[in-house]
Each structure stands twice: as structure tokens, then as C-alpha cells.
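> Just dropping this structure here.
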Amino acid sequence: MEHLTVKGLVLRETDFGDSDRYISVLTESGARIEVLCRGVRRRGGRQSNAVRLFCWSELTLYHARNKYTLNAAELITSFWGVTASMETYAMCCYLAELTAHMTDTDEEQPAVTRLLLYALRAVAEQKRDPVLVKAAFELRLMAETGFYPALTGCAACGGPTGEDVWFSPRDGVSRCTACAGRLGAPGYVRLLPGTLAALAHILQCEIPRVFAFALGGSSRDQLARICEEYALCRAERGFDSLNFYHSLFP
Ligand SMILES: [Zn+2]
């Protein structure tokens, strides 16, 4: 049996029995681990609050036979500000579920943890448009987990796409205007200038700056649609939390 201390963000919590809880944790190094918290609800107070959804905490764990069990927990930061509205809460549940799907125990992806922490902070502080936080998170998460979209080169002729880009969220590739005209472009979206600029910003800037942009009107709507479709196609599944989020906007 091994003792270890990790910082981690709680992505999911499931209470069971009289006083136990099971949590999925995204560690500082970007691995996702499952932790059994025995008796934590009976212990109450600080221990219990540190292993709630959207809490960033220092966890002392036992590790044996590929299983993690909680020994002690200390809250560092809680992002409960995201629960200020049902819409932002549902959206952040989806970001957590998407992150859980794109990470696993054996792979360390520290950029993913930083990205999610910045996203939750942007939503909790209510200084950013949640629709844009969602879109930027979806796209950058995919880029950080091995799915970087091709926006600058035409997949048909190999030339540069320039300012007029036709992008396929399903395939993650682009066509130049000439090829889109010549070959047709079913499933491709002609990117508005604002959308293209936002996509470049999200993909290229340092992680602390990913959510620091504004966009309105039809570019905002187009960015939201493209990033969601791109993420769902890479994840190869839908998410209950996302369906619930959309049900809040009839
Ligand atoms: Zn081309």
C-alpha cells in the first residue's frame, strides 16, 4: 500500500450507502482517477465539502491494487459560483463530463486540468459569456487531447485556405474557396471572419488567455455550433448533461 498526496478537481460525485461517496478526480497532472471516500459524509464538515463536485482540493490517498481510497481532504478552491444559474451549472456539468470522457488514469495531460480550472473560474466570476466559454473549452480540449483541427490548409488541393475558409466540424478539415466551389462542400461551413479569428485565438493563445475574447451576433452562434459539433464528433458520443443544458433553451 502506498500513500500519496495529489491536488485534484472533482469531476463527478456519487453518494452510496449510509455515508460513502465515490468521486472522479482530474489530478493536477491531468490524469483521471476514481477515489472511494469511505464514511466521508459521516465525517462531515471540511472533509466532506472538499470532495464535492467542482472542488479543487488537496487529497491524501491510499493506493493499492489500482484502487484509490481517501484518507484526508483539504479544500483549496471551490467553483460553486457556477451554480448561480441552472444554465451555467448544467453547462459546467457537461464540461466536466466531456473532460472525464477525454482523460484516463494512465495518461498525464496537465494542460487539460489547467484549461478546465480557467473555464470554471471564467464562469464562476460571471465576467465572460458562458456560451463562448463552452465553445472555447470544447475546441481547445480537443486540440489538447490530440485532435487539432486543420484550418489553414486545404484538404483537397493542399494550398493555403487564406481568409475564406470552409470548415467541416465532422471531419476537422478545411477547403479553400476554389475547391469548395469545384467539389461542392456538403457538411462544410463557410466561416465568418469573426468566427475564424476566434478559432485561431482559442487554438493558439496561452491557456490563461483562452477565454479572454468577446464575440457577438452570427459569429457567436456559428462558433458555438461548430465547436460543439467538432467536440461531439471527436468524442464519438452524446452527453446527458449536454442534452439537459440544451433543454433549458427552448
Ligand atoms: Zn483547395
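Letters for chains follow the order of the C-alpha cells (A, B, ...), residue numbers begin at 1 for each chain, and ligand numbers begin at 1 in the order shown.
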Could you give me, as CSV, every chain A residue with an atom at most 9 Å from ligand 1, plus its closest atom pair and distance in Å to one decimal, counting only C-alpha atoms and all ligand atoms, rows ordered by chain then number?

```
residue,atom,partner,partner_atom_place_in_ligand_line,distance
A:Gly153,CA,ligand 1,1 (Zn),7.9
A:Cys154,CA,ligand 1,1 (Zn),4.6
A:Ala155,CA,ligand 1,1 (Zn),6.6
A:Ala156,CA,ligand 1,1 (Zn),5.0
A:Cys157,CA,ligand 1,1 (Zn),4.1
A:Gly158,CA,ligand 1,1 (Zn),6.1
A:Gly159,CA,ligand 1,1 (Zn),5.7
A:Pro160,CA,ligand 1,1 (Zn),7.4
A:Thr161,CA,ligand 1,1 (Zn),6.9
A:Ser174,CA,ligand 1,1 (Zn),8.4
A:Arg175,CA,ligand 1,1 (Zn),5.2
A:Cys176,CA,ligand 1,1 (Zn),4.2
A:Thr177,CA,ligand 1,1 (Zn),6.8
A:Ala178,CA,ligand 1,1 (Zn),5.8
A:Cys179,CA,ligand 1,1 (Zn),4.3
A:Ala180,CA,ligand 1,1 (Zn),7.2
A:Arg182,CA,ligand 1,1 (Zn),8.9
```
> Name all residues at most 8 Å from Gly187 in chain A (count only C-alpha atoms; drop same-chain ones fewer than 4 positions away) and give them as a PyMOL selection string.
chain A and resi 168-170
> Store the residues picked out above, limited to all heavy atoms, as a CSV table (one decimal), in the first residue's frame.

```csv
chain,number,residue,atom,x,y,z
A,168,SER,N,-15.2,21.7,-42.1
A,168,SER,CA,-16.1,20.6,-41.7
A,168,SER,C,-15.9,20.2,-40.3
A,168,SER,O,-14.8,19.6,-39.9
A,168,SER,CB,-15.7,19.4,-42.6
A,168,SER,OG,-16.3,18.2,-42.1
A,169,PRO,N,-16.8,20.6,-39.4
A,169,PRO,CA,-16.7,20.2,-38.0
A,169,PRO,C,-16.6,18.6,-37.8
A,169,PRO,O,-16.0,18.1,-36.9
A,169,PRO,CB,-17.9,20.7,-37.3
A,169,PRO,CG,-18.4,21.8,-38.2
A,169,PRO,CD,-18.0,21.3,-39.6
A,170,ARG,N,-17.3,17.9,-38.7
A,170,ARG,CA,-17.3,16.5,-38.6
A,170,ARG,C,-16.0,15.9,-38.9
A,170,ARG,O,-15.5,15.0,-38.2
A,170,ARG,CB,-18.4,15.9,-39.6
A,170,ARG,CG,-18.7,14.5,-39.3
A,170,ARG,CD,-19.6,13.9,-40.4
A,170,ARG,NE,-18.9,14.0,-41.7
A,170,ARG,CZ,-19.4,13.9,-42.9
A,170,ARG,NH1,-20.8,13.8,-43.0
A,170,ARG,NH2,-18.7,14.0,-44.0
```
> Can you tell me, as a list in words, what residues are no more than 8 Å from Glu28 in chain A when counting only C-alpha atoms, ignoring any on the same chain fewer than 2 positions away?
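Within the cut-off, the hits are Val6, Lys7, Gly8, Leu9, Leu26, Gly30, Ala31, Pro110, Thr113 and Arg114 of chain A.
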> Out of A:Gln126, A:Asn66, A:Ser19, A:Thr105, which residue has the shortest atom-to-atom distance to Phe79 in chain A when counting only C-alpha atoms?
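Of all the options, A:Gln126 lies closest to Phe79 in chain A.
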> Quick one: residues within 12 Å of Glu236 in chain A, only C-alpha atoms, excluding same-chain residues fewer than 6 positions away - as a PyMOL selection string?
chain A and resi 98+101-102+170-171+228-230
> Pick out the closest residue to Lys67 in chain A from this set: A:Thr88, A:Phe249, A:Ile33, A:Ser218. Count only C-alpha atoms.
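Closest to Lys67 in chain A of all the choices is A:Ile33.
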